[in-house]
Structures are given as C-alpha cells and as structure tokens.
Amino acid sequence: MRILVTGGAGYIGSHMVKLLGEGGYDVLTVDNLSEGSPQFVLYGALRVVDLLNFKALEEVLLEFKPHAVIHFAAKVKVPESVKKPLLYYENNLMGTVNLLQAMERAGVKYLIFSSTAAVYGIPQRMPVKEEDPTNPINPYGWSKLFAERAIRDYSYSTGIKYAILRYFNVAGADPEGRIGQVSKEPTHLILRAVKVATGQIPYIEVFGADYNTSDGTCIRDYVHVMDLCEAHLRALEHLIAGGESDVFNIGYGRGYTVLEVINKVKEVSKVDFEVRYASRREGDPPALVADSTKAKEILQWKPKYDDLEFIIKTALNWERKYINR
Ligand code: UFG
C-alpha cells in the first residue's frame with residue numbers, strides 16, 4: 001500500500017516514515033525541509049516540495065497515486081504563532097486546502113491529519129474529551145482548528161474518509177536511537193531541558209510559577225512519539241477497514257508539571273542544571289490532559305511507552321548521540 005507522508009523529514013513525520021517502512025508500506029515523503037532534514041527519512045523517497053506550491057504538489061500526488069495521506073507538514077510553535085499569525089494560517093490552513101485539492105485530483109480516499117490539543121484552548125474540564133468545546137487561545141490552535149473544519153467539510157462533499165488526531169505534548173525519540181527531535185530554534189520543554197542537560201543551552205527557564213496547579217507551573221500530558229505514530233497506523237487501518245471518519249485525542253491521560261519534568265530530566269541525566277523562573281509565556285493554557293478512551297476503544301490504540309522516564313531517556317540518548325556526530 002502506498003502512503004504519502006507530508007512533513008516526513010520532520011520530527012514526528014520521520015518517526016512515522018520509520019514505522020511505515022518497517023511495516024512494509026510503500027512510503028513517499030513530501031517535505032519543504034524548512035525544519036526537517038533528508039537524513040531522517042529512513043524509508044522511501046523524499047520529494048522536496050512546499051504544500052503552498054500547488055502545481056508541484058499535484059504532480060507528486062498524480063505520479064505516486066497514494067492510497068492514503070498522512071499530513072504532518074505544519075508550523076508548530078505556539079510562541080511563534082503569536083508573533084507571526086499569518087505564517088501559521090498560510091502554512092497550516094492553506095497548505096491543508098492545497099493538499100485536499102491535490103488529493104481530489106489524484107483520487108486519494110483516506111487522510112490522517114495531525115491536529116493538536118491546542119484546539120481546546122483552556123478546557124472547562126480535565127481530562128479533555130473530543131466533544132468538549134474548542135476555543136483556541138493562540139493562532140497555532142486556530143490554524144489547526146480551521147484546517148480540521150476544511151477537512152470535515154471536504155469529507156462531507158466528497159466522501160473522503162479522515163481521522164483527525166489531536167496530539168497532546170509529543171516528546172521522546174526512536175528507542176533505537178536512529179532518529180529524534182531536531183529543531184532550529186527549540187521551544188519545547190523536554191527538548192530544551194535535555195539540551196540544557198547536555199550543555200548546549202546554559203539554563204532552563206520556567207515560564208510562570210503562579211498558575212493554579214500543585215506547584216504553580218503548567219501541566220501537560222507528554223506522549224511518546226512512537227506511541228503517537230502507532231495511533232496513526234491504527235487510524236489508517238480503521239479507515240481502510242471501513243471505519244467512520246472521526247476525531248481522536250492522543251495522550252496518556254496523565255499530566256506532569258513543568259517542574260516535575262525538569263526534575264525528572266535532572267534525575268535521568270544526573271546533571272543538576274540551573275533553573276530560572278521567568279514570567280508566563282503568552283498563549284499557554286494552565287493544564288492540558290487527554291481523555292483518549294475513544295482512541296483506545298475505536299482504534300484499539302495500545303500505548304507501549306507510557307512512562308515519563310522512558311520518554312526523557314530516549315530524548316536524552318538522541319541528544320547525546322546527535323551532538324557527538
Ligand atoms: N516551558 C517552560 N520552559 C521552556 C519551555 C516550555 O517552562 O523552556 C513550559 C511552557 O510554558 C508550557 C510547558 O512547558 O507550560 C510545555 O511547553 P511546550 O512548548 O513544550 O509545549 P506546548 O504545551 O506549548 O505545546 C505543545 C505542542 C502543541 C500542542 C500542545 C498541547 O507544541 O502542538 O503541546 O499540549 F498543542
């Protein structure tokens with residue numbers, strides 16, 4: 001079966017390509033290499049194409065004729081989205097619209113879409129369920145929510161099947177250490193903390209310690225990247241087997257505070273690095289924890305790495321390996 005992966009040279013996409021390649025799928029990556037790197041595409045070919053270039057995108061789809069598309073390519077940094085909102089609407093919404101149009105021309109029937117817990121904004125209850133209100137508090141979340149809407153409307157008019165996966169905080173790296181998270185300007189907590197532990201950044205900042213949580217810092221549900229990719233595979237199988245289009249939360253249902261994460265990174269790395277307190281970061285909800293019952297029941301998603309220590313270990317292993325290259 002032929003699967004086209006957009007953003008397959010990036011962090012999550014490259015892990016997905018690895019899982020698909022190992023599973024015997026015929027995979028093709030489309031990536032503009034704005035964040036990703038060709039060396040992380042372990043299986044199949046890479047076509048360097050920007051989703052905003054419709055002609056080039058259409059050409060790739062018509063040529064490869066995928067059975068399904070898994071769509072990761074996107075801008076994903078909350079703080080950047082607050083500063084440059086149009087960059088997010090252009091890449092995340094217009095990129096998705098172009099992809100849907102190219103899929104229609106090529107007759108592709110299945111789409112797995114990478115969405116985010118950021119669509120919920122500040123949830124009214126925790127853990128969050130898929131049917132809870134969506135009300136993003138940053139342009140990143142809005143750009144993904146609009147893209148979700150476009151996919152649903154397009155599905156209604158054309159009959160294409162979709163699975164929208166709303167990720168909570170994705171972290172960690174391939175347990176075999178072949179690929180991991182690389183970012184030109186890292187902003188994510190676990191990535192920054194392991195970079196501090198390996199001496200690439202001098203200290204970690206805690207953005208806000210005055211939230212209404214156990215230690216005053218924000219709570220997030222950290223999910224291992226391979227478990228997340230596994231959920232995509234299950235979603236693909238679900239659609240191909242005739243399952244209904246749907247939206248699924250992907251997280252473990254357990255939250256950790258920023259300080260708990262930092263302390264775990266110190267413990268795992270055995271490095272007692274400097275922690276500085278800074279003011280709140282714009283666009284941050286106090287807590288985000290998933291209720292992923294639906295993914296477990298309908299997709300038969302069975303997470304294997306629900307363990308913060310393991311997530312941090314794999315992230316740290318990758319970081320140590322990557323800087324020593
Ligand atoms: N944080 C720090 N210091 C840092 C980095 C982050 O204190 O150096 C804090 C943030 O303020 C936040 C928490 O750690 O409270 C997590 O921040 P991340 O940047 O790691 O992740 P976000 O929660 O902002 O966003 C991520 C993804 C989104 C997704 C969201 C859902 O980027 O796609 O998780 O929880 F929507």
# chains A, B, ... in the order shown; residues from 1 in each chain; ligands from 1
$ residues_around --residues "region 154-163 of chain A" --least-positions-apart "5" --cutoff "10 Å" --atoms "only C-alpha atoms" --output "PyMOL selection string"
chain A and resi 68-70+97+100-101+103-104+107-115+148-149+232+235-236+238-240+242-248
$ residues_around --residues "region 17-31 of chain A" --least-positions-apart "3" --cutoff "6 Å" --atoms "only C-alpha atoms" --output "list in words"
Met1, Arg2, Ile3, Leu4, Val5, Thr6, Gly7, Gly8, Ser14, Leu42, Tyr43, Gly44, Ala45, Leu46, Arg47, Val48 and Val49 of chain A
$ residues_around --residues "region 211-228 of chain A" --least-positions-apart "2" --cutoff "8 Å" --atoms "only C-alpha atoms" --output "PyMOL selection string"
chain A and resi 12+15-16+167-174+206-209+230-232+250-259+285-290+302-306+308+311
$ atom_distance --atom1 "CA of Ile179 (chain A)" --atom2 "CA of Leu61 (chain A)"
26.3 Å
$ residues_around --residues "Glu58 (chain A)" --least-positions-apart "4" --cutoff "7 Å" --atoms "only C-alpha atoms" --output "number ranges by chain"
A: 54, 62, 102
$ closest_residue --among "A:Ser37, A:Ser279, A:Asn135, A:Thr116" --to "ligand 1" --atoms "only C-alpha atoms and all ligand atoms"
A:Thr116
$ select_by_dssp --residues "region 93-237 of chain A" --states "strand (DSSP E)" --output "MDAnalysis selection string"
chainID A and resid 110:116 161:167 169:171 203:207 219:220 222:224
$ select_by_dssp --residues "region 121-275 of chain A" --states "alpha helix (DSSP H)" --output "PDB file with N, CA and C atoms, in the first residue's frame"
ATOM      1  N   PRO A 139      -2.896  31.542  17.728  1.00  0.00           N
ATOM      2  CA  PRO A 139      -3.100  31.346  16.284  1.00  0.00           C
ATOM      3  C   PRO A 139      -2.741  29.930  15.818  1.00  0.00           C
ATOM      4  N   TYR A 140      -1.777  29.307  16.471  1.00  0.00           N
ATOM      5  CA  TYR A 140      -1.441  27.922  16.108  1.00  0.00           C
ATOM      6  C   TYR A 140      -2.681  27.033  16.235  1.00  0.00           C
ATOM      7  N   GLY A 141      -3.335  27.123  17.397  1.00  0.00           N
ATOM      8  CA  GLY A 141      -4.533  26.314  17.647  1.00  0.00           C
ATOM      9  C   GLY A 141      -5.646  26.635  16.649  1.00  0.00           C
ATOM     10  N   TRP A 142      -5.819  27.914  16.353  1.00  0.00           N
ATOM     11  CA  TRP A 142      -6.858  28.303  15.379  1.00  0.00           C
ATOM     12  C   TRP A 142      -6.538  27.761  13.995  1.00  0.00           C
ATOM     13  N   SER A 143      -5.271  27.839  13.598  1.00  0.00           N
ATOM     14  CA  SER A 143      -4.909  27.385  12.246  1.00  0.00           C
ATOM     15  C   SER A 143      -5.213  25.895  12.095  1.00  0.00           C
ATOM     16  N   LYS A 144      -4.998  25.125  13.159  1.00  0.00           N
ATOM     17  CA  LYS A 144      -5.286  23.680  13.111  1.00  0.00           C
ATOM     18  C   LYS A 144      -6.794  23.425  13.162  1.00  0.00           C
ATOM     19  N   LEU A 145      -7.504  24.224  13.946  1.00  0.00           N
ATOM     20  CA  LEU A 145      -8.954  24.036  14.031  1.00  0.00           C
ATOM     21  C   LEU A 145      -9.619  24.365  12.690  1.00  0.00           C
ATOM     22  N   PHE A 146      -9.159  25.431  12.041  1.00  0.00           N
ATOM     23  CA  PHE A 146      -9.699  25.769  10.716  1.00  0.00           C
ATOM     24  C   PHE A 146      -9.392  24.656   9.714  1.00  0.00           C
ATOM     25  N   ALA A 147      -8.205  24.104   9.808  1.00  0.00           N
ATOM     26  CA  ALA A 147      -7.834  23.010   8.892  1.00  0.00           C
ATOM     27  C   ALA A 147      -8.730  21.791   9.157  1.00  0.00           C
ATOM     28  N   GLU A 148      -9.008  21.521  10.432  1.00  0.00           N
ATOM     29  CA  GLU A 148      -9.933  20.420  10.774  1.00  0.00           C
ATOM     30  C   GLU A 148     -11.282  20.638  10.103  1.00  0.00           C
ATOM     31  N   ARG A 149     -11.767  21.886  10.188  1.00  0.00           N
ATOM     32  CA  ARG A 149     -13.076  22.228   9.609  1.00  0.00           C
ATOM     33  C   ARG A 149     -13.081  21.997   8.097  1.00  0.00           C
ATOM     34  N   ALA A 150     -11.993  22.438   7.452  1.00  0.00           N
ATOM     35  CA  ALA A 150     -11.880  22.276   5.998  1.00  0.00           C
ATOM     36  C   ALA A 150     -11.924  20.787   5.642  1.00  0.00           C
ATOM     37  N   ILE A 151     -11.243  19.964   6.432  1.00  0.00           N
ATOM     38  CA  ILE A 151     -11.212  18.514   6.170  1.00  0.00           C
ATOM     39  C   ILE A 151     -12.607  17.910   6.330  1.00  0.00           C
ATOM     40  N   ARG A 152     -13.310  18.299   7.395  1.00  0.00           N
ATOM     41  CA  ARG A 152     -14.658  17.750   7.617  1.00  0.00           C
ATOM     42  C   ARG A 152     -15.609  18.146   6.489  1.00  0.00           C
ATOM     43  N   ASP A 153     -15.573  19.421   6.089  1.00  0.00           N
ATOM     44  CA  ASP A 153     -16.479  19.881   5.032  1.00  0.00           C
ATOM     45  C   ASP A 153     -16.151  19.192   3.712  1.00  0.00           C
ATOM     46  N   TYR A 154     -14.863  19.037   3.475  1.00  0.00           N
ATOM     47  CA  TYR A 154     -14.421  18.392   2.230  1.00  0.00           C
ATOM     48  C   TYR A 154     -14.847  16.915   2.239  1.00  0.00           C
ATOM     49  N   SER A 155     -14.763  16.296   3.382  1.00  0.00           N
ATOM     50  CA  SER A 155     -15.172  14.904   3.525  1.00  0.00           C
ATOM     51  C   SER A 155     -16.672  14.769   3.250  1.00  0.00           C
ATOM     52  N   TYR A 156     -17.434  15.726   3.781  1.00  0.00           N
ATOM     53  CA  TYR A 156     -18.893  15.708   3.586  1.00  0.00           C
ATOM     54  C   TYR A 156     -19.249  15.809   2.103  1.00  0.00           C
ATOM     55  N   SER A 157     -18.508  16.649   1.384  1.00  0.00           N
ATOM     56  CA  SER A 157     -18.862  16.860  -0.027  1.00  0.00           C
ATOM     57  C   SER A 157     -18.299  15.795  -0.956  1.00  0.00           C
ATOM     58  N   THR A 158     -17.207  15.142  -0.545  1.00  0.00           N
ATOM     59  CA  THR A 158     -16.566  14.196  -1.478  1.00  0.00           C
ATOM     60  C   THR A 158     -16.600  12.740  -1.019  1.00  0.00           C
ATOM     61  N   LEU A 189       9.526  21.982  25.941  1.00  0.00           N
ATOM     62  CA  LEU A 189      10.122  21.819  27.270  1.00  0.00           C
ATOM     63  C   LEU A 189      11.128  20.666  27.357  1.00  0.00           C
ATOM     64  N   ILE A 190      10.716  19.457  26.961  1.00  0.00           N
ATOM     65  CA  ILE A 190      11.617  18.318  27.151  1.00  0.00           C
ATOM     66  C   ILE A 190      12.852  18.474  26.263  1.00  0.00           C
ATOM     67  N   LEU A 191      12.651  18.940  25.045  1.00  0.00           N
ATOM     68  CA  LEU A 191      13.793  19.139  24.149  1.00  0.00           C
ATOM     69  C   LEU A 191      14.763  20.168  24.735  1.00  0.00           C
ATOM     70  N   ARG A 192      14.230  21.270  25.232  1.00  0.00           N
ATOM     71  CA  ARG A 192      15.110  22.298  25.816  1.00  0.00           C
ATOM     72  C   ARG A 192      15.820  21.757  27.058  1.00  0.00           C
ATOM     73  N   ALA A 193      15.082  21.028  27.880  1.00  0.00           N
ATOM     74  CA  ALA A 193      15.683  20.518  29.127  1.00  0.00           C
ATOM     75  C   ALA A 193      16.812  19.537  28.823  1.00  0.00           C
ATOM     76  N   VAL A 194      16.641  18.665  27.824  1.00  0.00           N
ATOM     77  CA  VAL A 194      17.740  17.718  27.533  1.00  0.00           C
ATOM     78  C   VAL A 194      18.912  18.449  26.870  1.00  0.00           C
ATOM     79  N   LYS A 195      18.622  19.559  26.203  1.00  0.00           N
ATOM     80  CA  LYS A 195      19.714  20.363  25.634  1.00  0.00           C
ATOM     81  C   LYS A 195      20.494  21.073  26.755  1.00  0.00           C
ATOM     82  N   VAL A 196      19.801  21.475  27.806  1.00  0.00           N
ATOM     83  CA  VAL A 196      20.494  22.078  28.947  1.00  0.00           C
ATOM     84  C   VAL A 196      21.340  20.989  29.627  1.00  0.00           C
ATOM     85  N   ALA A 197      20.745  19.811  29.810  1.00  0.00           N
ATOM     86  CA  ALA A 197      21.460  18.710  30.477  1.00  0.00           C
ATOM     87  C   ALA A 197      22.705  18.276  29.704  1.00  0.00           C
ATOM     88  N   VAL A 225       6.624   9.747  21.083  1.00  0.00           N
ATOM     89  CA  VAL A 225       6.417   9.906  19.641  1.00  0.00           C
ATOM     90  C   VAL A 225       6.093   8.581  18.934  1.00  0.00           C
ATOM     91  N   MET A 226       6.670   7.458  19.395  1.00  0.00           N
ATOM     92  CA  MET A 226       6.377   6.186  18.710  1.00  0.00           C
ATOM     93  C   MET A 226       4.959   5.705  19.010  1.00  0.00           C
ATOM     94  N   ASP A 227       4.484   5.965  20.226  1.00  0.00           N
ATOM     95  CA  ASP A 227       3.096   5.624  20.549  1.00  0.00           C
ATOM     96  C   ASP A 227       2.144   6.466  19.697  1.00  0.00           C
ATOM     97  N   LEU A 228       2.510   7.727  19.514  1.00  0.00           N
ATOM     98  CA  LEU A 228       1.688   8.609  18.687  1.00  0.00           C
ATOM     99  C   LEU A 228       1.624   8.086  17.251  1.00  0.00           C
ATOM    100  N   CYS A 229       2.777   7.688  16.722  1.00  0.00           N
ATOM    101  CA  CYS A 229       2.816   7.182  15.338  1.00  0.00           C
ATOM    102  C   CYS A 229       2.003   5.896  15.211  1.00  0.00           C
ATOM    103  N   GLU A 230       2.101   5.066  16.228  1.00  0.00           N
ATOM    104  CA  GLU A 230       1.311   3.834  16.265  1.00  0.00           C
ATOM    105  C   GLU A 230      -0.196   4.161  16.147  1.00  0.00           C
ATOM    106  N   ALA A 231      -0.610   5.242  16.793  1.00  0.00           N
ATOM    107  CA  ALA A 231      -2.023   5.648  16.728  1.00  0.00           C
ATOM    108  C   ALA A 231      -2.410   5.996  15.281  1.00  0.00           C
ATOM    109  N   HIS A 232      -1.469   6.586  14.529  1.00  0.00           N
ATOM    110  CA  HIS A 232      -1.758   6.909  13.122  1.00  0.00           C
ATOM    111  C   HIS A 232      -1.968   5.632  12.296  1.00  0.00           C
ATOM    112  N   LEU A 233      -1.131   4.658  12.601  1.00  0.00           N
ATOM    113  CA  LEU A 233      -1.232   3.385  11.876  1.00  0.00           C
ATOM    114  C   LEU A 233      -2.579   2.720  12.162  1.00  0.00           C
ATOM    115  N   ARG A 234      -2.961   2.751  13.454  1.00  0.00           N
ATOM    116  CA  ARG A 234      -4.262   2.174  13.849  1.00  0.00           C
ATOM    117  C   ARG A 234      -5.401   2.928  13.155  1.00  0.00           C
ATOM    118  N   ALA A 235      -5.266   4.259  13.069  1.00  0.00           N
ATOM    119  CA  ALA A 235      -6.309   5.089  12.446  1.00  0.00           C
ATOM    120  C   ALA A 235      -6.420   4.757  10.962  1.00  0.00           C
ATOM    121  N   LEU A 236      -5.292   4.556  10.336  1.00  0.00           N
ATOM    122  CA  LEU A 236      -5.271   4.207   8.912  1.00  0.00           C
ATOM    123  C   LEU A 236      -5.973   2.863   8.691  1.00  0.00           C
ATOM    124  N   GLU A 237      -5.621   1.895   9.516  1.00  0.00           N
ATOM    125  CA  GLU A 237      -6.240   0.561   9.401  1.00  0.00           C
ATOM    126  C   GLU A 237      -7.747   0.641   9.639  1.00  0.00           C
ATOM    127  N   HIS A 238      -8.118   1.479  10.605  1.00  0.00           N
ATOM    128  CA  HIS A 238      -9.538   1.670  10.937  1.00  0.00           C
ATOM    129  C   HIS A 238     -10.310   2.185   9.718  1.00  0.00           C
ATOM    130  N   LEU A 239      -9.768   3.207   9.043  1.00  0.00           N
ATOM    131  CA  LEU A 239     -10.469   3.791   7.888  1.00  0.00           C
ATOM    132  C   LEU A 239     -10.529   2.796   6.735  1.00  0.00           C
ATOM    133  N   ILE A 240      -9.398   2.131   6.492  1.00  0.00           N
ATOM    134  CA  ILE A 240      -9.350   1.197   5.362  1.00  0.00           C
ATOM    135  C   ILE A 240     -10.308   0.021   5.581  1.00  0.00           C
ATOM    136  N   VAL A 258       5.630  21.465  34.856  1.00  0.00           N
ATOM    137  CA  VAL A 258       6.925  21.815  34.251  1.00  0.00           C
ATOM    138  C   VAL A 258       8.063  21.432  35.206  1.00  0.00           C
ATOM    139  N   LEU A 259       7.875  21.725  36.505  1.00  0.00           N
ATOM    140  CA  LEU A 259       8.942  21.402  37.467  1.00  0.00           C
ATOM    141  C   LEU A 259       9.151  19.900  37.615  1.00  0.00           C
ATOM    142  N   GLU A 260       8.072  19.137  37.556  1.00  0.00           N
ATOM    143  CA  GLU A 260       8.223  17.669  37.625  1.00  0.00           C
ATOM    144  C   GLU A 260       9.038  17.153  36.436  1.00  0.00           C
ATOM    145  N   VAL A 261       8.778  17.724  35.278  1.00  0.00           N
ATOM    146  CA  VAL A 261       9.519  17.301  34.077  1.00  0.00           C
ATOM    147  C   VAL A 261      11.003  17.668  34.240  1.00  0.00           C
ATOM    148  N   ILE A 262      11.252  18.896  34.659  1.00  0.00           N
ATOM    149  CA  ILE A 262      12.646  19.351  34.811  1.00  0.00           C
ATOM    150  C   ILE A 262      13.386  18.465  35.823  1.00  0.00           C
ATOM    151  N   ASN A 263      12.724  18.169  36.938  1.00  0.00           N
ATOM    152  CA  ASN A 263      13.383  17.329  37.955  1.00  0.00           C
ATOM    153  C   ASN A 263      13.652  15.925  37.435  1.00  0.00           C
ATOM    154  N   LYS A 264      12.746  15.416  36.607  1.00  0.00           N
ATOM    155  CA  LYS A 264      12.952  14.080  36.026  1.00  0.00           C
ATOM    156  C   LYS A 264      14.134  14.110  35.050  1.00  0.00           C
ATOM    157  N   VAL A 265      14.261  15.198  34.306  1.00  0.00           N
ATOM    158  CA  VAL A 265      15.396  15.302  33.371  1.00  0.00           C
ATOM    159  C   VAL A 265      16.710  15.354  34.173  1.00  0.00           C
ATOM    160  N   LYS A 266      16.694  16.062  35.278  1.00  0.00           N
ATOM    161  CA  LYS A 266      17.899  16.125  36.133  1.00  0.00           C
ATOM    162  C   LYS A 266      18.250  14.731  36.649  1.00  0.00           C
ATOM    163  N   GLU A 267      17.214  14.010  37.108  1.00  0.00           N
ATOM    164  CA  GLU A 267      17.414  12.668  37.683  1.00  0.00           C
ATOM    165  C   GLU A 267      17.951  11.700  36.614  1.00  0.00           C
ATOM    166  N   VAL A 268      17.331  11.704  35.449  1.00  0.00           N
ATOM    167  CA  VAL A 268      17.719  10.750  34.400  1.00  0.00           C
ATOM    168  C   VAL A 268      19.107  11.078  33.862  1.00  0.00           C
ATOM    169  N   SER A 269      19.393  12.381  33.693  1.00  0.00           N
ATOM    170  CA  SER A 269      20.682  12.782  33.100  1.00  0.00           C
ATOM    171  C   SER A 269      21.799  12.805  34.134  1.00  0.00           C
TER     172      SER A 269
END
